[in-house]
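Asks: work.cif is reproduced below (mmCIF, C-alpha atoms).
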```cif
data_model
loop_
_atom_site.group_PDB
_atom_site.id
_atom_site.type_symbol
_atom_site.label_atom_id
_atom_site.label_comp_id
_atom_site.auth_asym_id
_atom_site.auth_seq_id
_atom_site.Cartn_x
_atom_site.Cartn_y
_atom_site.Cartn_z
ATOM 1 C CA MET G 702 -6.703 34.655 7.539
ATOM 2 C CA ARG G 703 -3.559 32.630 8.185
ATOM 3 C CA ASN G 704 -2.468 29.550 6.254
ATOM 4 C CA ILE G 705 -1.162 27.000 8.756
ATOM 5 C CA ARG G 706 0.963 23.992 7.847
ATOM 6 C CA LEU G 707 1.120 21.047 10.235
ATOM 7 C CA LEU G 708 3.554 18.137 10.316
ATOM 8 C CA MET G 709 1.891 15.122 11.868
ATOM 9 C CA SER G 710 2.194 11.407 12.548
ATOM 10 C CA TYR G 711 -0.428 8.780 13.191
ATOM 11 C CA ASP G 712 -1.042 5.093 13.670
ATOM 12 C CA GLY G 713 -3.614 4.325 10.998
ATOM 13 C CA THR G 714 -4.757 1.029 12.524
ATOM 14 C CA GLY G 715 -7.961 2.391 14.019
ATOM 15 C CA TYR G 716 -8.927 4.772 11.198
ATOM 16 C CA HIS G 717 -10.853 4.444 7.967
ATOM 17 C CA GLY G 718 -8.071 6.244 6.131
ATOM 18 C CA PHE G 719 -7.158 9.907 6.206
ATOM 19 C CA GLN G 720 -9.958 11.420 4.142
ATOM 20 C CA ARG G 721 -13.193 12.394 5.863
ATOM 21 C CA GLN G 722 -15.968 9.840 5.263
ATOM 22 C CA PRO G 723 -19.608 9.488 6.305
ATOM 23 C CA GLU G 724 -19.652 8.594 10.005
ATOM 24 C CA PHE G 725 -20.986 5.077 9.471
ATOM 25 C CA HIS G 726 -17.660 4.134 7.849
ATOM 26 C CA GLY G 727 -15.821 4.823 11.072
ATOM 27 C CA PRO G 728 -13.373 7.507 12.278
ATOM 28 C CA THR G 729 -10.898 9.183 9.916
ATOM 29 C CA VAL G 730 -7.761 11.191 10.626
ATOM 30 C CA GLN G 731 -9.107 14.259 8.794
ATOM 31 C CA GLY G 732 -12.401 14.085 10.653
ATOM 32 C CA MET G 733 -10.560 13.896 13.958
ATOM 33 C CA ILE G 734 -8.341 16.915 13.173
ATOM 34 C CA GLU G 735 -11.238 19.096 12.012
ATOM 35 C CA THR G 736 -13.407 18.117 14.995
ATOM 36 C CA ILE G 737 -10.655 18.860 17.517
ATOM 37 C CA TRP G 738 -9.924 22.272 15.941
ATOM 38 C CA LYS G 739 -13.567 23.252 16.309
ATOM 39 C CA GLU G 740 -13.442 22.202 19.959
ATOM 40 C CA LEU G 741 -10.294 24.261 20.485
ATOM 41 C CA VAL G 742 -11.255 27.543 18.811
ATOM 42 C CA GLY G 743 -14.929 27.212 17.841
ATOM 43 C CA GLU G 744 -14.128 27.470 14.147
ATOM 44 C CA GLU G 745 -14.954 25.060 11.345
ATOM 45 C CA MET G 746 -12.160 24.430 8.877
ATOM 46 C CA THR G 747 -11.193 21.970 6.129
ATOM 47 C CA VAL G 748 -7.684 20.571 5.856
ATOM 48 C CA ASN G 749 -5.703 19.852 2.697
ATOM 49 C CA THR G 750 -3.416 16.841 2.870
ATOM 50 C CA ALA G 751 -0.247 15.786 1.088
ATOM 51 C CA GLY G 752 -1.510 12.217 0.813
ATOM 52 C CA ARG G 753 -4.898 10.606 1.390
ATOM 53 C CA THR G 754 -3.605 7.478 3.081
ATOM 54 C CA ASP G 755 -5.908 4.449 2.958
ATOM 55 C CA THR G 756 -7.497 2.537 5.808
ATOM 56 C CA GLY G 757 -4.785 1.104 8.054
ATOM 57 C CA VAL G 758 -1.883 3.049 6.507
ATOM 58 C CA HIS G 759 0.390 4.941 8.888
ATOM 59 C CA ALA G 760 2.336 8.207 8.693
ATOM 60 C CA THR G 761 5.401 9.636 10.382
ATOM 61 C CA GLY G 762 5.707 12.647 8.056
ATOM 62 C CA GLN G 763 2.225 13.587 6.862
ATOM 63 C CA VAL G 764 1.698 17.283 6.011
ATOM 64 C CA ILE G 765 -1.605 19.158 6.062
ATOM 65 C CA ASN G 766 -2.606 22.806 5.808
ATOM 66 C CA PHE G 767 -5.684 24.862 6.586
ATOM 67 C CA ARG G 768 -6.782 28.493 6.782
ATOM 68 C CA THR G 769 -7.920 30.045 10.027
ATOM 69 C CA GLU G 770 -8.905 33.329 11.595
ATOM 70 C CA ALA G 771 -8.054 32.032 15.069
ATOM 71 C CA ARG G 772 -5.283 33.940 16.826
ATOM 72 C CA ILE G 773 -3.682 31.039 18.681
ATOM 73 C CA PRO G 774 0.136 31.373 18.259
ATOM 74 C CA GLU G 775 1.630 28.798 15.908
ATOM 75 C CA ASP G 776 4.029 27.518 18.557
ATOM 76 C CA LYS G 777 1.063 26.696 20.808
ATOM 77 C CA ILE G 778 -0.897 24.801 18.147
ATOM 78 C CA PRO G 779 0.791 21.370 18.506
ATOM 79 C CA LYS G 780 0.345 21.299 22.284
ATOM 80 C CA ALA G 781 -3.271 22.449 21.983
ATOM 81 C CA PHE G 782 -4.097 19.774 19.416
ATOM 82 C CA ASN G 783 -2.261 17.009 21.283
ATOM 83 C CA SER G 784 -4.077 17.806 24.518
ATOM 84 C CA LEU G 785 -7.353 16.670 22.919
ATOM 85 C CA LEU G 786 -6.312 14.285 20.141
ATOM 86 C CA PRO G 787 -6.242 10.530 20.777
ATOM 87 C CA ARG G 788 -2.760 9.213 21.468
ATOM 88 C CA ASP G 789 -2.482 7.579 18.052
ATOM 89 C CA ILE G 790 -2.405 10.998 16.338
ATOM 90 C CA ARG G 791 0.266 13.609 17.113
ATOM 91 C CA ILE G 792 0.897 17.084 15.718
ATOM 92 C CA LEU G 793 4.673 17.495 15.555
ATOM 93 C CA GLU G 794 5.122 21.018 14.159
ATOM 94 C CA ALA G 795 3.065 24.019 13.101
ATOM 95 C CA GLN G 796 4.053 27.037 11.049
ATOM 96 C CA THR G 797 2.437 29.883 9.154
ATOM 97 C CA VAL G 798 3.080 29.562 5.421
ATOM 98 C CA PRO G 799 2.345 31.705 2.334
ATOM 99 C CA GLN G 800 -1.255 31.811 1.145
ATOM 100 C CA ASP G 801 -0.428 29.890 -2.031
ATOM 101 C CA PHE G 802 0.970 26.894 -0.129
ATOM 102 C CA HIS G 803 -1.102 23.737 -0.592
ATOM 103 C CA ALA G 804 -0.105 20.503 1.150
ATOM 104 C CA ARG G 805 -0.852 18.433 -1.944
ATOM 105 C CA PHE G 806 -0.195 20.674 -4.941
ATOM 106 C CA SER G 807 3.014 22.225 -3.561
ATOM 107 C CA THR G 808 4.636 18.817 -3.035
ATOM 108 C CA ARG G 809 7.885 18.123 -4.914
ATOM 109 C CA TRP G 810 8.328 14.475 -3.886
ATOM 110 C CA LYS G 811 7.318 11.947 -1.247
ATOM 111 C CA ARG G 812 8.845 8.994 0.543
ATOM 112 C CA TYR G 813 6.943 5.856 1.497
ATOM 113 C CA ASP G 814 8.345 2.873 3.376
ATOM 114 C CA TYR G 815 6.841 -0.602 3.321
ATOM 115 C CA PHE G 816 7.889 -2.986 6.101
ATOM 116 C CA ILE G 817 7.908 -6.788 5.897
ATOM 117 C CA ASP G 818 8.544 -9.087 8.868
ATOM 118 C CA ASN G 819 10.164 -12.086 7.184
ATOM 119 C CA ARG G 820 10.817 -14.095 10.337
ATOM 120 C CA PRO G 821 9.068 -17.442 10.905
ATOM 121 C CA ILE G 822 7.232 -16.066 13.927
ATOM 122 C CA ALA G 823 5.918 -12.507 13.768
ATOM 123 C CA ASP G 824 7.294 -9.911 16.158
ATOM 124 C CA VAL G 825 4.489 -9.078 18.585
ATOM 125 C CA PHE G 826 5.519 -5.434 18.826
ATOM 126 C CA ASN G 827 5.757 -4.848 15.065
ATOM 127 C CA ARG G 828 2.579 -6.670 14.087
ATOM 128 C CA LEU G 829 0.531 -3.488 13.466
ATOM 129 C CA TYR G 830 3.196 -1.863 11.268
ATOM 130 C CA THR G 831 4.458 -4.712 9.099
ATOM 131 C CA LEU G 832 3.269 -7.429 6.770
ATOM 132 C CA HIS G 833 4.225 -10.797 8.205
ATOM 133 C CA GLU G 834 5.606 -13.068 5.498
ATOM 134 C CA PRO G 835 6.926 -16.263 7.156
ATOM 135 C CA ILE G 836 8.180 -17.868 3.913
ATOM 136 C CA PRO G 837 11.896 -17.081 3.393
ATOM 137 C CA LEU G 838 12.289 -14.552 0.578
ATOM 138 C CA GLN G 839 15.084 -14.320 -1.983
ATOM 139 C CA VAL G 840 16.013 -10.770 -1.043
ATOM 140 C CA ASP G 841 18.807 -10.408 -3.629
ATOM 141 C CA LEU G 842 16.304 -11.030 -6.444
ATOM 142 C CA MET G 843 13.902 -8.557 -4.859
ATOM 143 C CA LYS G 844 16.637 -5.925 -4.796
ATOM 144 C CA CYS G 845 17.359 -6.453 -8.505
ATOM 145 C CA ALA G 846 13.667 -6.152 -9.341
ATOM 146 C CA ALA G 847 13.319 -3.014 -7.248
ATOM 147 C CA ARG G 848 16.119 -1.257 -9.110
ATOM 148 C CA LEU G 849 14.388 -2.023 -12.423
ATOM 149 C CA LEU G 850 11.385 -0.010 -11.233
ATOM 150 C CA GLU G 851 13.470 3.127 -10.727
ATOM 151 C CA GLY G 852 13.179 5.881 -13.298
ATOM 152 C CA LYS G 853 10.382 7.513 -15.269
ATOM 153 C CA HIS G 854 7.812 4.962 -16.349
ATOM 154 C CA ASN G 855 4.144 4.429 -17.046
ATOM 155 C CA PHE G 856 3.077 2.688 -13.818
ATOM 156 C CA LYS G 857 -0.430 1.734 -14.940
ATOM 157 C CA ALA G 858 0.346 -1.931 -14.209
ATOM 158 C CA PHE G 859 1.052 -0.869 -10.618
ATOM 159 C CA SER G 860 -2.134 1.148 -10.144
ATOM 160 C CA ALA G 861 -5.371 -0.155 -8.612
ATOM 161 C CA ALA G 862 -8.779 0.542 -10.086
ATOM 162 C CA GLY G 863 -10.595 3.427 -8.435
ATOM 163 C CA GLY G 864 -7.856 6.022 -8.682
ATOM 164 C CA VAL G 865 -8.549 9.477 -10.097
ATOM 165 C CA SER G 866 -5.241 10.051 -11.909
ATOM 166 C CA LYS G 867 -5.519 10.890 -15.603
ATOM 167 C CA THR G 868 -1.917 10.033 -16.381
ATOM 168 C CA PHE G 869 0.098 7.056 -15.177
ATOM 169 C CA VAL G 870 3.614 8.343 -15.821
ATOM 170 C CA ARG G 871 5.584 8.923 -12.637
ATOM 171 C CA MET G 872 9.235 9.425 -11.705
ATOM 172 C CA LEU G 873 10.368 6.867 -9.135
ATOM 173 C CA TYR G 874 13.707 8.199 -7.928
ATOM 174 C CA VAL G 875 14.308 5.415 -5.437
ATOM 175 C CA CYS G 876 13.052 1.857 -5.052
ATOM 176 C CA ARG G 877 15.402 0.067 -2.667
ATOM 177 C CA ILE G 878 15.244 -2.779 -0.180
ATOM 178 C CA GLN G 879 17.167 -2.935 3.052
ATOM 179 C CA GLU G 880 17.235 -5.960 5.337
ATOM 180 C CA LYS G 881 18.175 -6.237 8.995
ATOM 181 C CA GLU G 882 17.565 -9.271 11.187
ATOM 182 C CA GLY G 883 14.627 -10.492 9.141
ATOM 183 C CA LEU G 884 12.916 -7.120 8.830
ATOM 184 C CA LEU G 885 12.731 -5.775 5.256
ATOM 185 C CA ARG G 886 12.117 -2.157 4.353
ATOM 186 C CA ILE G 887 11.088 -1.215 0.826
ATOM 187 C CA THR G 888 11.700 2.494 0.302
ATOM 188 C CA CYS G 889 9.948 4.271 -2.561
ATOM 189 C CA ILE G 890 10.646 7.939 -3.302
ATOM 190 C CA GLY G 891 8.836 9.562 -6.196
ATOM 191 C CA ASP G 892 7.357 12.746 -7.581
ATOM 192 C CA GLY G 893 3.889 11.258 -7.181
ATOM 193 C CA PHE G 894 2.171 7.942 -6.563
ATOM 194 C CA LEU G 895 -0.844 6.261 -8.119
ATOM 195 C CA TYR G 896 -3.639 4.625 -6.143
ATOM 196 C CA ASN G 897 -2.138 1.706 -4.150
ATOM 197 C CA MET G 898 1.074 1.981 -6.190
ATOM 198 C CA VAL G 899 3.515 1.344 -3.336
ATOM 199 C CA ARG G 900 1.456 -1.557 -1.975
ATOM 200 C CA ILE G 901 1.357 -3.150 -5.445
ATOM 201 C CA ILE G 902 5.113 -2.632 -5.818
ATOM 202 C CA ALA G 903 5.556 -4.349 -2.438
ATOM 203 C CA GLY G 904 3.287 -7.226 -3.450
ATOM 204 C CA THR G 905 5.160 -7.626 -6.727
ATOM 205 C CA LEU G 906 8.558 -7.660 -5.039
ATOM 206 C CA ILE G 907 7.318 -10.241 -2.539
ATOM 207 C CA SER G 908 6.227 -12.408 -5.494
ATOM 208 C CA VAL G 909 9.724 -12.019 -6.920
ATOM 209 C CA GLY G 910 11.148 -13.093 -3.576
ATOM 210 C CA LYS G 911 8.960 -16.207 -3.680
ATOM 211 C CA GLY G 912 9.946 -17.040 -7.256
ATOM 212 C CA LYS G 913 6.444 -16.423 -8.616
ATOM 213 C CA ILE G 914 7.537 -13.439 -10.748
ATOM 214 C CA GLN G 915 10.921 -13.227 -12.429
ATOM 215 C CA ALA G 916 12.963 -10.125 -11.573
ATOM 216 C CA GLU G 917 13.934 -9.623 -15.213
ATOM 217 C CA SER G 918 10.247 -9.457 -16.207
ATOM 218 C CA ILE G 919 9.741 -6.092 -14.470
ATOM 219 C CA PRO G 920 10.389 -4.004 -17.639
ATOM 220 C CA ASP G 921 7.863 -6.117 -19.557
ATOM 221 C CA ILE G 922 5.275 -5.708 -16.801
ATOM 222 C CA LEU G 923 5.744 -1.937 -16.941
ATOM 223 C CA LEU G 924 5.405 -1.878 -20.727
ATOM 224 C CA SER G 925 2.311 -4.084 -20.647
ATOM 225 C CA GLU G 926 0.346 -1.532 -18.562
ATOM 226 C CA ASP G 927 -1.585 -4.606 -17.381
ATOM 227 C CA ARG G 928 -2.477 -4.655 -13.686
ATOM 228 C CA LYS G 929 -2.899 -8.450 -13.816
ATOM 229 C CA ARG G 930 0.783 -8.904 -14.652
ATOM 230 C CA ALA G 931 1.962 -7.317 -11.383
ATOM 231 C CA GLY G 932 1.651 -8.820 -7.911
ATOM 232 C CA VAL G 933 -1.165 -8.569 -5.406
ATOM 233 C CA THR G 934 -1.778 -5.395 -3.398
ATOM 234 C CA ALA G 935 0.129 -5.886 -0.152
ATOM 235 C CA ARG G 936 -1.686 -5.290 3.130
ATOM 236 C CA ALA G 937 -2.079 -1.685 4.265
ATOM 237 C CA SER G 938 -0.543 -2.211 7.710
ATOM 238 C CA GLY G 939 2.984 -2.424 6.292
ATOM 239 C CA LEU G 940 2.873 1.020 4.656
ATOM 240 C CA THR G 941 4.023 4.309 6.177
ATOM 241 C CA LEU G 942 4.136 7.786 4.614
ATOM 242 C CA SER G 943 7.548 8.875 5.888
ATOM 243 C CA HIS G 944 8.338 12.243 4.317
ATOM 244 C CA VAL G 945 6.818 14.916 2.092
ATOM 245 C CA HIS G 946 9.265 17.363 0.532
ATOM 246 C CA TYR G 947 8.532 20.906 -0.630
ATOM 247 C CA GLY G 948 12.000 22.345 -1.240
ATOM 248 C CA ASP G 949 14.180 22.215 -4.345
ATOM 249 C CA GLU G 950 16.572 19.603 -2.944
ATOM 250 C CA SER G 951 16.635 16.278 -4.756
ATOM 251 C CA PRO G 952 15.895 13.095 -2.792
ATOM 252 C CA PHE G 953 19.582 12.195 -3.051
ATOM 253 C CA VAL G 954 20.581 15.339 -1.162
ATOM 254 C CA VAL G 955 18.106 14.637 1.637
ATOM 255 C CA TYR G 956 18.839 10.892 1.631
ATOM 256 C CA PRO G 957 22.429 10.516 0.352
ATOM 257 C CA GLU G 958 22.438 6.823 1.286
ATOM 258 C CA PHE G 959 20.262 6.213 -1.776
ATOM 259 C CA CYS G 960 22.436 8.205 -4.183
ATOM 260 C CA PRO G 961 23.054 6.052 -7.271
ATOM 261 C CA ILE G 962 26.702 5.701 -8.161
ATOM 262 C CA GLU G 963 26.006 5.294 -11.864
ATOM 263 C CA LYS G 964 23.649 8.287 -12.112
ATOM 264 C CA ASN G 965 23.968 12.002 -11.638
ATOM 265 C CA SER G 966 22.902 12.900 -8.090
ATOM 266 C CA ASN G 967 20.777 15.741 -9.477
ATOM 267 C CA HIS G 968 18.664 13.286 -11.480
#
```
As a first step, turn the structure in this file into C-alpha cells.

Replies:
Amino acid sequence: MRNIRLLMSYDGTGYHGFQRQPEFHGPTVQGMIETIWKELVGEEMTVNTAGRTDTGVHATGQVINFRTEARIPEDKIPKAFNSLLPRDIRILEAQTVPQDFHARFSTRWKRYDYFIDNRPIADVFNRLYTLHEPIPLQVDLMKCAARLLEGKHNFKAFSAAGGVSKTFVRMLYVCRIQEKEGLLRITCIGDGFLYNMVRIIAGTLISVGKGKIQAESIPDILLSEDRKRAGVTARASGLTLSHVHYGDESPFVVYPEFCPIEKNSNH
C-alpha cells in the first residue's frame, strides 16, 4: 500500500469547492479526482487535502495524498490523471511519500494570494481570478494595515461562522500588498488559516483602502475578537492557494522578497 502525494492546480470557478459534497450541490475537485482514479485503476480511494478551498477558490499549489495498491509508476500518474481530467484541473507532480505523511496534518505553512483588479474597467482575461474594485484605493494605507496583521494573534475577528477550529490563534508570517498597473496582490503566509480568514483580511484591507476602516484600528479589531469589526468577506474568485510547505525552511527562506528587515529571518 503506497502513500502517494500529488501537487495539483485548478480553476475553482466551476466547482462547489474542493471537498466532496452530495451530487446535487454540483461537482467538486475531490469528487473529480476520486472518480477519475477509479476509472484509471478500478480502485476506490479517498484523498486528504492540504486545504479545503471553498466554492470558486483557485489553487496553483494544492497538495493531496492518498493510499493505493495500484502499481502504476509514480512518474506516469500525472499523465494518466490529466488524460481524463477536465482541463481546469491538472496534476503537476506525483511522488511516493512515507506512510505517516498527511497532506493536511504534515503542513508547516501555507501561502495564499488574493488578487484585486483596481482599474476602472475590469480586465476581461482576469475576471475569473480577481475581485474587480473600480473605486481607486489608498494602497499605502492598505499596506500599513496589512503589516499590522503580521505576527501571532487571535484572529477570531477575521474568522467566519461555520469553521471547525477550536482555537483562533495563528501565526501570520507575511501579510503584504504589491501593486502593478492597477492589479493588487495581497499575500498571506501563515502556519494555518481560519475559515474565510484570507478573504476577510482582503475585505478589511479594501475597506481601509476606501477609508471606511482606519489602518491604525487593526490592533483594536484583533483584540476585540469581534467579527463585526472587520470588513466583509471578499469574493472567492480573487483567492488562490499558491503554496503548501512541508519542510523546515521558514517562509523567508523560500520567499526572501518578504524577509522583514527589522525582524530575524528565522522568525

Asks: List, as a PyMOL selection string, every residue that the PyMOL selection byres ((chain G and resi 890-892) around 12) selects in the file provided.

Replies: chain G and resi 751+805-815+847+850-854+856+869-877+887-889+893-895+898-899+942-947+951-953+955-956+959-960+968

Asks: G:Thr747, G:Thr868, G:Asn704, G:Gln722: which is nearest G:Gln796, counting all atoms listed in the file?

Replies: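 Ranked by minimum distance to G:Gln796, first place goes to G:Asn704.
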
Asks: Quick one: everything within 12 Å of G:Asp776, counting all atoms listed in the file, minus sequence neighbours fewer than 6 positions away in the same chain. Send it as JSON, numbers by chain.

Replies: {"G": [705, 706, 707, 782, 792, 793, 794, 795, 796, 797]}

Asks: Enter the distance from atom CA of G:Ser784 to atom CA of G:Arg828, in Å, rounded to one decimal.

Replies: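 According to the coordinates, atom CA of G:Ser784 and atom CA of G:Arg828 are separated by 27.4 Å.
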
Asks: Which residues, written as a ChimeraX atom specification, have at least one atom at most 10 Å from G:Gln915, with all atoms listed in the file counted and residues fewer than 2 positions away on the same chain left out?

Replies: /G:842-843,846,905-906,908-913,917-919

Asks: Taking the file as shown, what set of residues would the PyMOL selection byres ((chain G and resi 932) around 7) give back, as a list in words?

Replies: Ile901, Gly904, Thr905, Ser908, Arg930, Ala931, Val933 and Thr934 of chain G

Asks: Let me make sure I understand: among G:Gly713, G:Ile907, G:Gly948, G:Asn855, which one has the smallest atom-to-atom distance to G:Arg928 if we use all atoms listed in the file?

Replies: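 Ranked by minimum distance to G:Arg928, first place goes to G:Asn855.
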
Asks: Which value, in Å to one decimal, gives the distance between atom CA of G:Ala903 and atom CA of G:Arg791?

Replies: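 Between these atoms lies a distance of 27.1 Å.
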
Asks: How many Å separate atom CA of G:Ser710 from atom CA of G:Ala760?

Replies: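 Distance between the two atoms: 5.0 Å.
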
Asks: Hey, which of G:Val865, G:Ile790, G:Leu884, G:Ile773 ends up closest to G:Asn827? Count all atoms listed in the file.

Replies: G:Leu884

Asks: Of the candidates G:Lys881, G:Arg886, G:His833, G:Arg900, which one gets nearest to G:Ala861 if we count all atoms listed in the file?

Replies: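 Using all atoms listed in the file, G:Ala861 sits closest to G:Arg900.
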
Asks: For the structure shown, which residues end up in the PyMOL selection byres ((chain G and resi 725-739) around 10)? Put them as a ChimeraX atom specification, please?

Replies: /G:711-713,715-724,740-750,753-756,765,767,769,771,778,781-787,789-790,792

Asks: Return as AutoDock Vina command-line options the centre and edge lengths, in Å with one decimal, of the box along x, y and z that encloses every atom of stretch 877-883 of chain G in the file, padded by 5 Å per side.

Replies:
```
--center_x 16.4 --center_y -5.2 --center_z 4.3 --size_x 13.5 --size_y 20.6 --size_z 23.9
```

Asks: Calculated over only C-alpha atoms, which of the candidates G:Ala937, G:Thr831, G:Arg703, G:Pro821 has the smallest distance to G:Val758?

Replies: G:Ala937
